[in-house]
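Inspection log for the structure reproduced underneath, given as structure tokens.
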Amino acid sequence: MTLARFVSCSSWLGLLTLLVWLGGGIGLALYLVAVWDPELVARYGPLYLQGLRTTLILVSLSFLCGMALSVPIAAGRLSKNRVARGVSSAYVGFFRGTPLIAQLFLIYYGFGTFRPAFEAVGLWWFFREAWYCGVLALALNTAAYQSEILRGAILSIPKGQWEGARSLALPRSVTLRRIIAPQALMVALRPYANELILLVKASAIVAIITVFDLFGETRRAFSRTFDFQTYIWAALFYLVIVEIVRNLTARAEKRLTRHLQR
């Protein structure tokens, strides 16, 4: 097959895929119009908004806690100390190599077996609440991924930047804060946004431990109505959140890289 023919076939395939998605979108819109139920919206709309608020708080706390935790983990991964590097690598390997649902169950159900020990140190109030366990599980999981994002961004900075800072006799802390970190964060912006989007979608898993986030409220609404459109509205809410994150990231990237544009 010649290159021109391959490009032509790819173009037709892309157009066909676009038409299929367009037809699906139109069909979904017509379905929602046909099954529109004002009573259902009036009854469960406020619960969806409450669940959306819970999801946004859950994701924000988890992402920020994970970001704070990822800094020492990334530092350990970059360290020349074998112990620090080994511990950090083991952490990243465990949380990236095991399912999030298993991690959530280990924290919520597994730590419950140590109730006497947690009561003795005054921590049972934390581990008995599904909300806190959900935040902890998501934070520990995203910290592993964010640490790799940060490590990769730092390693992407040319060695000349470090050498230039050393030639100016700048302390390592100043070099990291004023020279390396701004450039690394520019590189890591898109991966951080992708991780946030993945965390938004992964947060739905906390519904299985009785946290009534957006997906938890959706499950409750469906269990009472058996109306399939309850899941469609939830999917649309998640889609809106993802699109907002994507557009804000694009704007931030455009602003941060404005000095590179011609």
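Every chain in the structure tokens takes a letter, A first, then B, and so on in the order presented; its residues are numbered from 1, and the ligands are numbered from 1 following the presented order.
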
Which of segment 147-261 of chain A DSSP labels alpha helix (DSSP H), written as a PyMOL selection string: chain A and resi 147-155+159-167+172-174+181-202+214-225+229-256

Contacts of Ala75 of chain A at 10 Å or less, counting only C-alpha atoms, minus same-chain residues fewer than 3 places along, as a ChimeraX atom specification? /A:70-72,78-80,84-85,88,147,150-151

I'd like the neighbourhood of segment 188-203 of chain A as a PyMOL selection string, where a residue qualifies if any of its atoms comes within 9 Å (using only C-alpha atoms), though same-chain residues fewer than 4 positions away should be ignored. chain A and resi 55-56+58-60+62-63+100+134+138+142+145-146+149-150+152-154+183-184+207+213+215+238+241-242+245-246+249-250+252-253

Residue subset to file, keeping C-alpha atoms, as a short mmCIF file (atom, residue, chain, number, x, y, z; two decimals), in the first residue's frame:
```
data_model
loop_
_atom_site.label_atom_id
_atom_site.label_comp_id
_atom_site.auth_asym_id
_atom_site.auth_seq_id
_atom_site.Cartn_x
_atom_site.Cartn_y
_atom_site.Cartn_z
CA THR A 55 -16.80 14.76 44.57
CA LEU A 56 -15.11 18.13 44.04
CA LEU A 58 -12.87 14.75 47.73
CA VAL A 59 -10.80 15.15 44.56
CA SER A 60 -9.34 18.52 45.61
CA SER A 62 -6.82 14.04 47.62
CA PHE A 63 -4.94 15.78 44.83
CA LEU A 100 -7.01 1.27 43.43
CA GLY A 134 -11.51 7.43 50.67
CA LEU A 138 -6.91 8.44 46.68
CA THR A 142 -2.12 9.82 43.26
CA TYR A 145 1.86 8.96 40.07
CA GLN A 146 2.56 12.62 40.85
CA ILE A 149 5.55 13.16 37.02
CA LEU A 150 7.67 15.46 39.16
CA GLY A 152 10.45 13.07 35.11
CA ALA A 153 9.98 16.83 34.84
CA ILE A 154 13.09 17.49 36.93
CA GLN A 183 10.89 24.96 34.32
CA ALA A 184 9.92 21.54 35.69
CA ALA A 207 -19.21 4.98 46.29
CA ASP A 213 -20.33 11.42 46.04
CA PHE A 215 -21.59 8.42 41.60
CA TYR A 238 -18.16 14.05 34.89
CA ILE A 241 -15.69 18.56 35.05
CA VAL A 242 -13.10 17.02 32.72
CA VAL A 245 -9.98 21.01 33.78
CA ARG A 246 -8.81 20.58 30.18
CA THR A 249 -4.95 23.67 31.69
CA ALA A 250 -4.78 24.91 28.10
CA ALA A 252 -2.55 28.13 31.99
CA GLU A 253 -0.11 26.51 29.56
#
```

For Phe212 of chain A, list every protein, DNA or RNA residue within 10 Å, evaluated using only C-alpha atoms, and leave out those in the same chain fewer than 4 positions away; present the list as number ranges by chain. A: 47-48, 50-52, 54-55, 130-131, 204, 206-208, 216-220

Store the residues picked out above, limited to C-alpha atoms, as a PDB file, in the first residue's frame.
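Output saved as out.pdb:
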```pdb
ATOM      1  CA  LEU A  47     -28.941  15.237  45.525  1.00  0.00           C
ATOM      2  CA  TYR A  48     -26.828  15.226  42.359  1.00  0.00           C
ATOM      3  CA  GLN A  50     -24.758  17.630  46.713  1.00  0.00           C
ATOM      4  CA  GLY A  51     -22.911  14.605  45.332  1.00  0.00           C
ATOM      5  CA  LEU A  52     -21.064  16.828  42.862  1.00  0.00           C
ATOM      6  CA  THR A  54     -18.716  15.979  47.629  1.00  0.00           C
ATOM      7  CA  THR A  55     -16.798  14.764  44.570  1.00  0.00           C
ATOM      8  CA  ALA A 130     -15.509   6.016  54.936  1.00  0.00           C
ATOM      9  CA  TRP A 131     -14.923   9.626  53.848  1.00  0.00           C
ATOM     10  CA  ALA A 204     -16.279   7.287  41.711  1.00  0.00           C
ATOM     11  CA  VAL A 206     -15.475   5.499  46.818  1.00  0.00           C
ATOM     12  CA  ALA A 207     -19.207   4.981  46.291  1.00  0.00           C
ATOM     13  CA  ILE A 208     -18.719   1.290  47.091  1.00  0.00           C
ATOM     14  CA  GLY A 216     -22.898   7.349  44.995  1.00  0.00           C
ATOM     15  CA  GLU A 217     -25.951   9.580  44.599  1.00  0.00           C
ATOM     16  CA  THR A 218     -26.390   8.209  41.078  1.00  0.00           C
ATOM     17  CA  ARG A 219     -26.422   4.636  42.360  1.00  0.00           C
ATOM     18  CA  ARG A 220     -28.972   5.593  45.000  1.00  0.00           C
TER      19      ARG A 220
END
```

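Shortest atom-to-atom contact with Ile209 of chain A among A:Arg128, A:Arg53, A:Arg251, A:Arg224: A:Arg128, counting only C-alpha atoms.
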
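For the pair atom CA of Arg178 of chain A and atom CA of Met67 of chain A, the separation is 19.1 Å.
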
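For the pair atom CA of Asp37 of chain A and atom CA of Asp227 of chain A, the separation is 10.3 Å.
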
Neighbour list for Leu61 of chain A as a list in words, cut-off 8 Å, only C-alpha atoms, skip fewer than 4 positions in-chain: Ile57, Cys65, Val135 and Ala139 of chain A

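Residues surrounding Phe111 of chain A within 12 Å are Gln103, Leu104, Phe105, Ala117, Phe118, Glu119, Leu123, Trp124, Phe126, Phe127, Arg128, Glu129, Ala130, Cys133 and Ala137 of chain A [only C-alpha atoms; sequence separation below 6 positions excluded].
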
Same residues, C-alpha atoms, output as a compact mmCIF listing (two decimals), in the first residue's frame:
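Heads up, here's the output in out_21.txt:
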```txt
# COMPACT_ATOMS: atom_id res chain seq x y z
CA GLN A 103 -5.89 -0.20 48.12
CA LEU A 104 -9.24 1.27 49.16
CA PHE A 105 -10.38 -2.02 50.66
CA ALA A 117 -4.48 -0.32 68.28
CA PHE A 118 -5.99 2.75 66.60
CA GLU A 119 -8.23 3.40 69.59
CA LEU A 123 -6.83 7.46 65.49
CA TRP A 124 -9.92 5.29 65.24
CA PHE A 126 -10.24 8.68 61.26
CA PHE A 127 -10.27 5.08 60.06
CA ARG A 128 -13.89 4.39 61.03
CA GLU A 129 -15.16 7.02 58.58
CA ALA A 130 -15.51 6.02 54.94
CA CYS A 133 -10.49 6.41 54.19
CA ALA A 137 -6.62 5.97 49.55
```

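Interatomic distance, atom CA of Pro158 of chain A against atom CA of Ile180 of chain A: 9.5 Å.
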
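Using only C-alpha atoms, the smallest distance between any of A:Thr175, A:Thr225, A:Ser156, A:Thr257 and Tyr44 of chain A comes from A:Thr225.
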
Just checking: using only C-alpha atoms, which residue out of A:Ala221, A:Leu18, A:Ile107, A:Ile73 ends up closest to Trp233 of chain A? A:Ala221

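Distances here use only C-alpha atoms; by that measure, the residue among A:Ala144, A:Leu248, A:Leu22, A:Leu64 closest to Gly76 of chain A is A:Ala144.
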
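With distances restricted to only C-alpha atoms, A:Leu69 is the closest residue to Leu140 of chain A from A:Leu239, A:Leu69, A:Gly27, A:Val33.
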